[in-house]
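Have a look at target_28.cif; it's mmCIF, C-alpha atoms and all ligand atoms:
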data_query
loop_
_atom_site.group_PDB
_atom_site.id
_atom_site.type_symbol
_atom_site.label_atom_id
_atom_site.label_comp_id
_atom_site.auth_asym_id
_atom_site.auth_seq_id
_atom_site.Cartn_x
_atom_site.Cartn_y
_atom_site.Cartn_z
ATOM 1 C CA MET W 1 -7.540 22.251 28.053
ATOM 2 C CA PRO W 2 -4.153 24.026 27.901
ATOM 3 C CA LEU W 3 -1.169 22.286 26.366
ATOM 4 C CA SER W 4 1.010 20.589 28.935
ATOM 5 C CA LEU W 5 4.234 21.757 27.333
ATOM 6 C CA SER W 6 5.326 25.369 27.490
ATOM 7 C CA LEU W 7 7.620 27.268 25.151
ATOM 8 C CA PRO W 8 10.494 27.094 24.607
ATOM 9 C CA PHE W 9 10.421 23.292 24.650
ATOM 10 C CA SER W 10 13.262 20.844 24.045
ATOM 11 C CA PRO W 11 12.230 17.215 23.719
ATOM 12 C CA ARG W 12 14.559 14.757 25.454
ATOM 13 C CA ARG W 13 13.053 11.299 25.190
ATOM 14 C CA ILE W 14 11.457 10.259 21.944
ATOM 15 C CA VAL W 15 9.470 7.119 21.167
ATOM 16 C CA ILE W 16 9.063 6.235 17.507
ATOM 17 C CA GLY W 17 6.126 3.965 16.673
ATOM 18 C CA ALA W 18 6.767 2.961 13.050
ATOM 19 C CA ASN W 19 8.063 0.007 11.046
ATOM 20 C CA ALA W 20 10.908 2.234 9.875
ATOM 21 C CA HIS W 21 11.722 3.308 13.447
ATOM 22 C CA ALA W 22 15.415 2.360 13.253
ATOM 23 C CA GLY W 23 16.014 4.386 10.093
ATOM 24 C CA ILE W 24 14.091 7.399 11.405
ATOM 25 C CA ALA W 25 15.995 7.207 14.713
ATOM 26 C CA ALA W 26 19.339 7.058 12.883
ATOM 27 C CA ALA W 27 18.407 10.051 10.715
ATOM 28 C CA ILE W 28 17.403 12.064 13.808
ATOM 29 C CA ARG W 29 20.527 11.042 15.753
ATOM 30 C CA ARG W 30 22.789 12.188 12.938
ATOM 31 C CA ARG W 31 21.570 15.743 13.547
ATOM 32 C CA ARG W 32 20.697 15.501 17.263
ATOM 33 C CA PRO W 33 22.982 12.964 18.931
ATOM 34 C CA SER W 34 21.883 13.996 22.429
ATOM 35 C CA LEU W 35 18.240 12.894 22.008
ATOM 36 C CA GLU W 36 17.336 9.619 23.708
ATOM 37 C CA ILE W 37 15.281 7.499 21.314
ATOM 38 C CA ARG W 38 13.333 4.250 21.625
ATOM 39 C CA GLY W 39 11.451 2.689 18.746
ATOM 40 C CA ALA W 40 9.304 -0.253 17.652
ATOM 41 C CA PRO W 41 6.463 -0.926 15.207
ATOM 42 C CA PHE W 42 3.574 1.041 16.725
ATOM 43 C CA THR W 43 1.678 -2.131 17.626
ATOM 44 C CA ASP W 44 4.611 -3.364 19.752
ATOM 45 C CA LEU W 45 5.030 -0.321 21.984
ATOM 46 C CA THR W 46 4.266 -0.658 25.688
ATOM 47 C CA ALA W 47 2.756 1.613 28.321
ATOM 48 C CA ASP W 48 6.259 1.787 29.801
ATOM 49 C CA ASP W 49 7.602 3.309 26.557
ATOM 50 C CA LEU W 50 4.962 6.029 26.696
ATOM 51 C CA ALA W 51 5.572 6.681 30.390
ATOM 52 C CA TRP W 52 9.289 7.087 29.601
ATOM 53 C CA ALA W 53 8.878 9.476 26.649
ATOM 54 C CA ASP W 54 8.003 13.165 26.392
ATOM 55 C CA THR W 55 7.551 12.965 22.613
ATOM 56 C CA TYR W 56 6.007 10.428 20.236
ATOM 57 C CA ILE W 57 6.598 10.108 16.497
ATOM 58 C CA GLY W 58 4.216 7.956 14.458
ATOM 59 C CA PHE W 59 1.254 7.726 12.099
ATOM 60 C CA LYS W 60 -1.189 6.201 14.590
ATOM 61 C CA ARG W 61 -1.460 5.763 18.327
ATOM 62 C CA PRO W 62 -0.494 2.377 19.760
ATOM 63 C CA PRO W 63 -3.798 0.479 19.618
ATOM 64 C CA THR W 64 -3.795 -1.320 22.937
ATOM 65 C CA ILE W 65 -2.498 1.429 25.214
ATOM 66 C CA ALA W 66 -5.164 3.618 26.760
ATOM 67 C CA SER W 67 -2.961 6.466 27.952
ATOM 68 C CA MET W 68 -0.260 8.419 26.145
ATOM 69 C CA GLY W 69 1.755 8.322 29.403
ATOM 70 C CA ASN W 70 4.046 11.321 29.784
ATOM 71 C CA VAL W 71 3.954 12.235 26.118
ATOM 72 C CA GLN W 72 3.479 15.985 25.686
ATOM 73 C CA TRP W 73 3.981 16.182 21.937
ATOM 74 C CA VAL W 74 2.897 13.862 19.111
ATOM 75 C CA HIS W 75 4.437 14.326 15.681
ATOM 76 C CA SER W 76 2.473 12.508 12.978
ATOM 77 C CA THR W 77 4.593 11.027 10.221
ATOM 78 C CA GLY W 78 1.611 11.254 7.867
ATOM 79 C CA ALA W 79 -0.112 14.186 6.228
ATOM 80 C CA GLY W 80 -3.532 13.028 7.441
ATOM 81 C CA VAL W 81 -3.894 13.050 11.226
ATOM 82 C CA ASP W 82 -7.266 11.266 11.471
ATOM 83 C CA GLY W 83 -5.443 8.365 13.156
ATOM 84 C CA TRP W 84 -4.842 10.797 16.042
ATOM 85 C CA LEU W 85 -8.055 12.756 16.019
ATOM 86 C CA GLY W 86 -10.397 9.790 15.639
ATOM 87 C CA PRO W 87 -9.762 8.027 18.959
ATOM 88 C CA GLY W 88 -9.338 11.402 20.663
ATOM 89 C CA LEU W 89 -5.863 12.546 21.600
ATOM 90 C CA ASP W 90 -5.879 14.441 24.884
ATOM 91 C CA GLU W 91 -6.114 18.166 24.056
ATOM 92 C CA SER W 92 -3.173 18.887 26.350
ATOM 93 C CA ILE W 93 -0.858 17.094 23.892
ATOM 94 C CA LEU W 94 0.622 19.155 21.071
ATOM 95 C CA LEU W 95 -0.097 17.550 17.675
ATOM 96 C CA THR W 96 2.036 18.360 14.635
ATOM 97 C CA ARG W 97 2.066 16.732 11.228
ATOM 98 C CA SER W 98 4.565 15.796 8.583
ATOM 99 C CA SER W 99 6.014 18.524 6.407
ATOM 100 C CA GLU W 100 6.773 15.994 3.714
ATOM 101 C CA SER W 101 5.485 16.878 0.281
ATOM 102 C CA PHE W 102 3.421 13.872 -0.802
ATOM 103 C CA GLY W 103 1.997 15.761 -3.789
ATOM 104 C CA PRO W 104 4.451 14.750 -6.522
ATOM 105 C CA MET W 105 4.225 11.041 -5.615
ATOM 106 C CA ILE W 106 0.429 11.076 -5.407
ATOM 107 C CA ALA W 107 0.300 12.909 -8.741
ATOM 108 C CA GLU W 108 2.247 10.006 -10.295
ATOM 109 C CA TRP W 109 -0.210 7.559 -8.710
ATOM 110 C CA ALA W 110 -3.107 9.464 -10.298
ATOM 111 C CA VAL W 111 -1.465 9.834 -13.710
ATOM 112 C CA ALA W 112 -0.644 6.096 -13.778
ATOM 113 C CA ARG W 113 -4.288 5.223 -13.178
ATOM 114 C CA ILE W 114 -5.642 7.752 -15.657
ATOM 115 C CA PHE W 115 -3.422 6.306 -18.378
ATOM 116 C CA ALA W 116 -4.245 2.743 -17.300
ATOM 117 C CA VAL W 117 -7.933 3.493 -17.881
ATOM 118 C CA GLN W 118 -7.511 5.465 -21.072
ATOM 119 C CA GLN W 119 -5.029 3.013 -22.597
ATOM 120 C CA GLN W 120 -7.156 0.026 -21.451
ATOM 121 C CA LEU W 121 -4.114 -1.646 -19.943
ATOM 122 C CA ALA W 122 -6.027 -4.264 -17.936
ATOM 123 C CA SER W 123 -8.081 -5.474 -20.878
ATOM 124 C CA LEU W 124 -5.049 -5.504 -23.200
ATOM 125 C CA ALA W 125 -3.163 -7.568 -20.597
ATOM 126 C CA GLU W 126 -6.060 -10.042 -20.511
ATOM 127 C CA ALA W 127 -6.116 -10.253 -24.300
ATOM 128 C CA GLN W 128 -2.381 -10.845 -24.325
ATOM 129 C CA ARG W 129 -2.701 -13.618 -21.761
ATOM 130 C CA ASP W 130 -5.231 -15.285 -24.102
ATOM 131 C CA ARG W 131 -3.000 -14.666 -27.199
ATOM 132 C CA ARG W 132 -5.884 -12.638 -28.587
ATOM 133 C CA TRP W 133 -5.353 -9.828 -31.130
ATOM 134 C CA ALA W 134 -7.876 -7.281 -29.849
ATOM 135 C CA PRO W 135 -7.825 -3.963 -31.698
ATOM 136 C CA ARG W 136 -9.813 -1.105 -30.182
ATOM 137 C CA ASP W 137 -10.059 2.680 -30.151
ATOM 138 C CA ILE W 138 -7.900 4.438 -27.623
ATOM 139 C CA ALA W 139 -9.045 7.818 -26.331
ATOM 140 C CA ARG W 140 -6.601 10.613 -25.568
ATOM 141 C CA VAL W 141 -6.011 11.940 -22.059
ATOM 142 C CA ALA W 142 -5.397 15.397 -23.525
ATOM 143 C CA GLY W 143 -8.628 17.316 -23.795
ATOM 144 C CA THR W 144 -10.367 15.509 -20.920
ATOM 145 C CA ARG W 145 -11.691 17.300 -17.813
ATOM 146 C CA ALA W 146 -10.657 16.684 -14.238
ATOM 147 C CA LEU W 147 -12.438 17.883 -11.137
ATOM 148 C CA LEU W 148 -10.095 17.920 -8.143
ATOM 149 C CA LEU W 149 -11.513 17.903 -4.626
ATOM 150 C CA GLY W 150 -8.739 19.322 -2.520
ATOM 151 C CA THR W 151 -6.563 22.180 -3.717
ATOM 152 C CA GLY W 152 -3.857 21.937 -1.063
ATOM 153 C CA ASP W 153 -0.299 20.778 -1.591
ATOM 154 C CA ILE W 154 -1.412 17.402 -3.004
ATOM 155 C CA GLY W 155 -4.209 18.775 -5.172
ATOM 156 C CA ARG W 156 -1.863 21.383 -6.633
ATOM 157 C CA ALA W 157 0.717 18.744 -7.572
ATOM 158 C CA ILE W 158 -1.977 16.638 -9.264
ATOM 159 C CA ALA W 159 -3.307 19.723 -11.057
ATOM 160 C CA THR W 160 0.189 20.573 -12.321
ATOM 161 C CA SER W 161 0.759 17.066 -13.722
ATOM 162 C CA LEU W 162 -2.674 16.821 -15.319
ATOM 163 C CA SER W 163 -2.631 20.255 -16.880
ATOM 164 C CA ALA W 164 0.813 19.471 -18.364
ATOM 165 C CA LEU W 165 -0.900 16.519 -20.094
ATOM 166 C CA GLY W 166 -3.498 18.795 -21.609
ATOM 167 C CA VAL W 167 -6.239 17.995 -19.093
ATOM 168 C CA HIS W 168 -8.587 20.837 -18.219
ATOM 169 C CA VAL W 169 -8.453 21.053 -14.418
ATOM 170 C CA THR W 170 -11.136 22.510 -12.171
ATOM 171 C CA GLY W 171 -10.785 22.567 -8.399
ATOM 172 C CA VAL W 172 -13.181 22.517 -5.484
ATOM 173 C CA SER W 173 -12.167 23.825 -2.079
ATOM 174 C CA ARG W 174 -13.689 25.239 1.089
ATOM 175 C CA SER W 175 -12.861 28.815 0.198
ATOM 176 C CA GLY W 176 -13.275 28.547 -3.564
ATOM 177 C CA GLU W 177 -10.114 30.603 -3.933
ATOM 178 C CA SER W 178 -7.752 29.793 -6.736
ATOM 179 C CA THR W 179 -4.473 28.635 -5.286
ATOM 180 C CA HIS W 180 -2.444 27.697 -8.340
ATOM 181 C CA PRO W 181 -2.352 28.508 -12.065
ATOM 182 C CA ALA W 182 -2.770 24.801 -12.961
ATOM 183 C CA PHE W 183 -6.438 25.150 -11.961
ATOM 184 C CA SER W 184 -8.476 26.868 -14.635
ATOM 185 C CA THR W 185 -11.080 27.665 -11.955
ATOM 186 C CA VAL W 186 -11.667 26.817 -8.309
ATOM 187 C CA HIS W 187 -15.204 26.637 -6.950
ATOM 188 C CA ARG W 188 -16.590 26.510 -3.467
ATOM 189 C CA ILE W 189 -17.468 23.086 -2.155
ATOM 190 C CA ASP W 190 -21.239 23.652 -2.440
ATOM 191 C CA ALA W 191 -20.891 23.722 -6.245
ATOM 192 C CA LEU W 192 -19.763 20.067 -6.227
ATOM 193 C CA PRO W 193 -23.119 18.460 -7.181
ATOM 194 C CA ASP W 194 -23.408 20.752 -10.216
ATOM 195 C CA LEU W 195 -19.822 20.217 -11.329
ATOM 196 C CA ALA W 196 -19.786 16.422 -10.996
ATOM 197 C CA GLY W 197 -21.613 15.856 -14.301
ATOM 198 C CA ASN W 198 -18.854 17.590 -16.287
ATOM 199 C CA ALA W 199 -15.909 15.608 -14.980
ATOM 200 C CA ASP W 200 -14.109 12.782 -16.751
ATOM 201 C CA TRP W 201 -11.877 12.341 -13.681
ATOM 202 C CA LEU W 202 -13.053 13.028 -10.150
ATOM 203 C CA VAL W 203 -9.856 13.160 -8.110
ATOM 204 C CA LEU W 204 -9.929 13.291 -4.307
ATOM 205 C CA SER W 205 -7.039 14.275 -2.063
ATOM 206 C CA LEU W 206 -9.025 15.367 0.984
ATOM 207 C CA PRO W 207 -8.297 14.584 4.633
ATOM 208 C CA ASP W 208 -10.879 12.956 6.900
ATOM 209 C CA THR W 209 -12.527 15.819 8.774
ATOM 210 C CA PRO W 210 -16.104 16.515 9.886
ATOM 211 C CA ALA W 211 -16.430 18.752 6.807
ATOM 212 C CA THR W 212 -15.232 16.187 4.264
ATOM 213 C CA ARG W 213 -16.804 12.996 5.645
ATOM 214 C CA GLY W 214 -19.398 11.702 3.177
ATOM 215 C CA LEU W 215 -18.863 14.668 0.837
ATOM 216 C CA VAL W 216 -18.955 12.451 -2.243
ATOM 217 C CA SER W 217 -22.344 11.058 -1.337
ATOM 218 C CA ARG W 218 -24.525 8.723 -3.373
ATOM 219 C CA ASP W 219 -26.290 11.845 -4.625
ATOM 220 C CA VAL W 220 -23.026 13.350 -5.912
ATOM 221 C CA LEU W 221 -22.092 10.011 -7.508
ATOM 222 C CA ALA W 222 -25.511 9.885 -9.172
ATOM 223 C CA ARG W 223 -24.769 13.210 -10.838
ATOM 224 C CA CYS W 224 -21.596 11.915 -12.477
ATOM 225 C CA ARG W 225 -21.835 10.975 -16.126
ATOM 226 C CA GLY W 226 -19.304 8.221 -16.624
ATOM 227 C CA ALA W 227 -16.502 9.785 -14.576
ATOM 228 C CA VAL W 228 -13.562 7.833 -13.218
ATOM 229 C CA LEU W 229 -13.258 8.254 -9.459
ATOM 230 C CA LEU W 230 -9.722 8.450 -8.057
ATOM 231 C CA ASN W 231 -9.323 8.605 -4.283
ATOM 232 C CA ALA W 232 -5.936 9.152 -2.650
ATOM 233 C CA GLY W 233 -7.250 11.110 0.345
ATOM 234 C CA ARG W 234 -9.344 9.211 2.844
ATOM 235 C CA GLY W 235 -11.956 6.516 2.269
ATOM 236 C CA THR W 236 -14.511 8.251 4.475
ATOM 237 C CA VAL W 237 -14.850 11.124 1.988
ATOM 238 C CA VAL W 238 -16.841 8.858 -0.390
ATOM 239 C CA ASP W 239 -19.971 6.807 0.211
ATOM 240 C CA GLU W 240 -17.971 3.615 -0.387
ATOM 241 C CA ALA W 241 -21.047 1.379 -0.227
ATOM 242 C CA ALA W 242 -22.547 3.285 -3.179
ATOM 243 C CA ILE W 243 -19.559 2.701 -5.499
ATOM 244 C CA PRO W 244 -20.764 -0.667 -6.914
ATOM 245 C CA GLU W 245 -24.161 0.892 -7.720
ATOM 246 C CA ALA W 246 -22.431 3.934 -9.258
ATOM 247 C CA LEU W 247 -20.432 1.611 -11.523
ATOM 248 C CA ASP W 248 -23.432 -0.523 -12.489
ATOM 249 C CA ALA W 249 -25.532 2.536 -13.239
ATOM 250 C CA GLY W 250 -22.759 4.068 -15.363
ATOM 251 C CA TRP W 251 -22.445 7.112 -13.098
ATOM 252 C CA LEU W 252 -18.842 5.996 -12.769
ATOM 253 C CA ARG W 253 -16.865 4.341 -15.562
ATOM 254 C CA ALA W 254 -14.157 3.052 -13.232
ATOM 255 C CA ALA W 255 -12.609 3.737 -9.847
ATOM 256 C CA ALA W 256 -9.013 3.847 -8.622
ATOM 257 C CA LEU W 257 -8.970 3.620 -4.858
ATOM 258 C CA ASP W 258 -5.952 3.860 -2.578
ATOM 259 C CA VAL W 259 -7.894 4.523 0.628
ATOM 260 C CA PHE W 260 -10.918 2.870 2.198
ATOM 261 C CA VAL W 261 -13.305 3.329 5.087
ATOM 262 C CA THR W 262 -11.762 0.255 6.727
ATOM 263 C CA GLU W 263 -8.119 -0.585 6.068
ATOM 264 C CA PRO W 264 -7.006 -3.171 5.167
ATOM 265 C CA LEU W 265 -10.039 -3.409 2.873
ATOM 266 C CA PRO W 266 -12.058 -6.385 4.216
ATOM 267 C CA THR W 267 -11.827 -9.474 1.996
ATOM 268 C CA ALA W 268 -15.644 -9.526 1.781
ATOM 269 C CA SER W 269 -15.735 -6.135 0.030
ATOM 270 C CA PRO W 270 -17.291 -6.380 -3.458
ATOM 271 C CA LEU W 271 -14.699 -3.860 -4.656
ATOM 272 C CA TRP W 272 -11.980 -6.532 -4.722
ATOM 273 C CA SER W 273 -13.578 -8.545 -7.500
ATOM 274 C CA ASP W 274 -14.892 -5.682 -9.617
ATOM 275 C CA ARG W 275 -12.835 -5.420 -12.816
ATOM 276 C CA ARG W 276 -13.689 -1.730 -13.077
ATOM 277 C CA VAL W 277 -11.982 -1.004 -9.755
ATOM 278 C CA MET W 278 -8.229 -0.578 -9.317
ATOM 279 C CA ILE W 279 -7.240 -1.117 -5.704
ATOM 280 C CA SER W 280 -3.955 -0.112 -4.129
ATOM 281 C CA PRO W 281 -3.190 -0.584 -0.417
ATOM 282 C CA HIS W 282 -2.775 3.036 0.767
ATOM 283 C CA ILE W 283 0.555 3.532 -0.964
ATOM 284 C CA SER W 284 -0.032 6.564 -3.160
ATOM 285 C CA GLY W 285 2.047 8.870 -0.972
ATOM 286 C CA LEU W 286 4.629 7.235 1.233
ATOM 287 C CA THR W 287 6.507 8.776 4.124
ATOM 288 C CA THR W 288 10.257 8.583 3.637
ATOM 289 C CA ILE W 289 12.793 8.218 6.425
ATOM 290 C CA ASP W 290 14.451 11.526 5.585
ATOM 291 C CA GLY W 291 11.077 13.242 5.246
ATOM 292 C CA ALA W 292 9.906 11.950 8.626
ATOM 293 C CA ALA W 293 13.163 12.957 10.351
ATOM 294 C CA SER W 294 13.440 16.407 8.815
ATOM 295 C CA GLY W 295 9.764 17.240 9.427
ATOM 296 C CA PHE W 296 10.216 16.325 13.066
ATOM 297 C CA LEU W 297 13.481 18.251 13.410
ATOM 298 C CA GLU W 298 11.964 21.347 11.803
ATOM 299 C CA CYS W 299 9.293 21.264 14.528
ATOM 300 C CA VAL W 300 11.954 20.751 17.234
ATOM 301 C CA GLU W 301 13.796 23.863 16.024
ATOM 302 C CA SER W 302 10.601 25.945 16.168
ATOM 303 C CA LEU W 303 9.758 24.733 19.674
ATOM 304 C CA GLU W 304 13.272 25.452 20.879
ATOM 305 C CA ARG W 305 13.063 28.969 19.445
ATOM 306 C CA GLY W 306 9.874 29.383 21.452
ATOM 307 C CA GLU W 307 7.527 29.236 18.428
ATOM 308 C CA TRP W 308 4.648 26.886 17.611
ATOM 309 C CA PRO W 309 5.662 24.815 14.577
ATOM 310 C CA ARG W 310 3.982 25.791 11.324
ATOM 311 C CA TRP W 311 2.913 22.144 11.100
ATOM 312 C CA THR W 312 0.812 22.365 14.274
ATOM 313 C CA VAL W 313 -2.564 20.710 13.660
ATOM 314 C CA ASP W 314 -5.719 22.756 14.146
ATOM 315 C CA ARG W 315 -7.816 20.115 15.918
ATOM 316 C CA ALA W 316 -11.142 21.718 15.028
ATOM 317 C CA ARG W 317 -10.265 21.894 11.320
ATOM 318 C CA GLY W 318 -8.740 18.410 11.399
ATOM 319 C CA TYR W 319 -5.453 19.175 9.575
HETATM 320 C C1 LIG S 1 -1.120 9.038 4.331
HETATM 321 O O1 LIG S 1 -2.210 8.722 4.033
HETATM 322 C C2 LIG S 1 -0.833 10.245 5.052
HETATM 323 O O2 LIG S 1 -1.756 10.846 5.605
HETATM 324 O O3 LIG S 1 0.335 10.626 5.084
#
Same coordinates, now as structure tokens:
Amino acid sequence: MPLSLSLPFSPRRIVIGANAHAGIAAAIRRRRPSLEIRGAPFTDLTADDLAWADTYIGFKRPPTIASMGNVQWVHSTGAGVDGWLGPGLDESILLTRSSESFGPMIAEWAVARIFAVQQQLASLAEAQRDRRWAPRDIARVAGTRALLLGTGDIGRAIATSLSALGVHVTGVSRSGESTHPAFSTVHRIDALPDLAGNADWLVLSLPDTPATRGLVSRDVLARCRGAVLLNAGRGTVVDEAAIPEALDAGWLRAAALDVFVTEPLPTASPLWSDRRVMISPHISGLTTIDGAASGFLECVESLERGEWPRWTVDRARGY
């Protein structure tokens, strides 16, 4: 189905579906005062808003509205666009994604968890609560081995931080091409089962696409030898139901999870009460107001010049 907008394109009426809609609108208006903007948390938008707008900015589509109205362009404020691809966004609507660099923030998330495990922070905090003097051996982070699934912008930032700490970093990607000097080697994705047994840290920063869904299967987990799983990509990449077994069997030593198959993570999930699991509520890489506004405005400038934005999503690839 052809796109409904034609180049050059100048958006006129924008709807922002985000909690931070007022801040994003103000940041856009500072540079483009002529744009008409409406905004609300995405769950509060109405069919009338979407009938009014030609452009939508947000991370997910409004859940209760079946049609995107007169919207011709959706700009995702997130890096992952599965919230748009999953329920099926009409192919005639242009889909672009955030240009924001989430890598450095997600790298800090990963480094914090790696040190928390290695320095045994949770168990020391428990001992302190009990006024218990609990000496133990502490292992170094330097000299350990990380296997990174995802060698894009986020994977490269994680690789840079970890290699600066003396971690030996191997990558896995679709092409197997080395994309950054922080990776000592990059392998093709089919080498994953063989590589899993050598990793101390298995770090995921992959989007949810048909190619990544279920990639870290029970079989891959079973090949790990005491690795720590860190997932800041999408929950669907891992067989989440197999994580408790992987921990009990010692395939995994611990897990740090920021993303889940279902979010919020259901209260019945056994992951909540497992002391070997560190849960964070999808906060490893946060969209900023300035990042959301400038990513959008960069796309506007391309469209007005008559060019497809470099952040246009390839629907078949899923990012
Ligand atoms: C967050 O998960 C994003 O995709 O930006």
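This file gives the following result for the PyMOL selection byres (((chain W and resi 92-102) around 6) and not hetatm): Met1, Pro2, Leu3, Ser4, Gln72, Trp73, Val74, His75, Ser76, Thr77, Gly78, Ala79, Asp90, Glu91, Gly103, Pro104, Met105, Gly285, Gly291, Gly295, Trp311, Thr312 and Val313 of chain W.
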**Asked** Using all atoms listed in the file, which residues sit within 12 Å of W:Pro181 once same-chain residues fewer than 5 positions away are excluded, as a PyMOL selection string?
**Response** chain W and resi 151+156-157+159-161+163-164+168-171+186
Please produce a file of those selected residues containing C-alpha atoms, as a PDB file, keeping the file's coordinate frame.
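Result file again-v3.pdb:
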ATOM      1  CA  THR W 151      -6.563  22.180  -3.717  1.00  0.00           C
ATOM      2  CA  ARG W 156      -1.863  21.383  -6.633  1.00  0.00           C
ATOM      3  CA  ALA W 157       0.717  18.744  -7.572  1.00  0.00           C
ATOM      4  CA  ALA W 159      -3.307  19.723 -11.057  1.00  0.00           C
ATOM      5  CA  THR W 160       0.189  20.573 -12.321  1.00  0.00           C
ATOM      6  CA  SER W 161       0.759  17.066 -13.722  1.00  0.00           C
ATOM      7  CA  SER W 163      -2.631  20.255 -16.880  1.00  0.00           C
ATOM      8  CA  ALA W 164       0.813  19.471 -18.364  1.00  0.00           C
ATOM      9  CA  HIS W 168      -8.587  20.837 -18.219  1.00  0.00           C
ATOM     10  CA  VAL W 169      -8.453  21.053 -14.418  1.00  0.00           C
ATOM     11  CA  THR W 170     -11.136  22.510 -12.171  1.00  0.00           C
ATOM     12  CA  GLY W 171     -10.785  22.567  -8.399  1.00  0.00           C
ATOM     13  CA  VAL W 186     -11.667  26.817  -8.309  1.00  0.00           C
TER      14      VAL W 186
END
**Message:** List the spatial neighbours of stretch 36-53 of chain W as an MDAnalysis selection string - criterion: any atom at most 7 Å away, all atoms listed in the file, same-chain residues fewer than 6 positions off excluded.
**Reply:** chainID W and resid 12:19 21:22 25 62:63 65 68:71
**Item:** Given the PyMOL selection byres (((chain W and resi 111) around 12) and not hetatm), the residues it picks as number ranges by chain
**Value:** W: 104-110, 112-119, 141-142, 146, 157-165, 167, 201, 203, 230, 232, 256, 284
**Asked** Which residues come within 9 Å of stretch 244-249 of chain W, counting only C-alpha atoms, excluding same-chain residues fewer than 6 positions away, as a list of chain:residue names?
**Response**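 Listing them by chain and then by number gives W:Arg218, W:Leu221, W:Ala222, W:Cys224, W:Gly226, W:Ala255, W:Pro270, W:Leu271, W:Asp274, W:Arg276.
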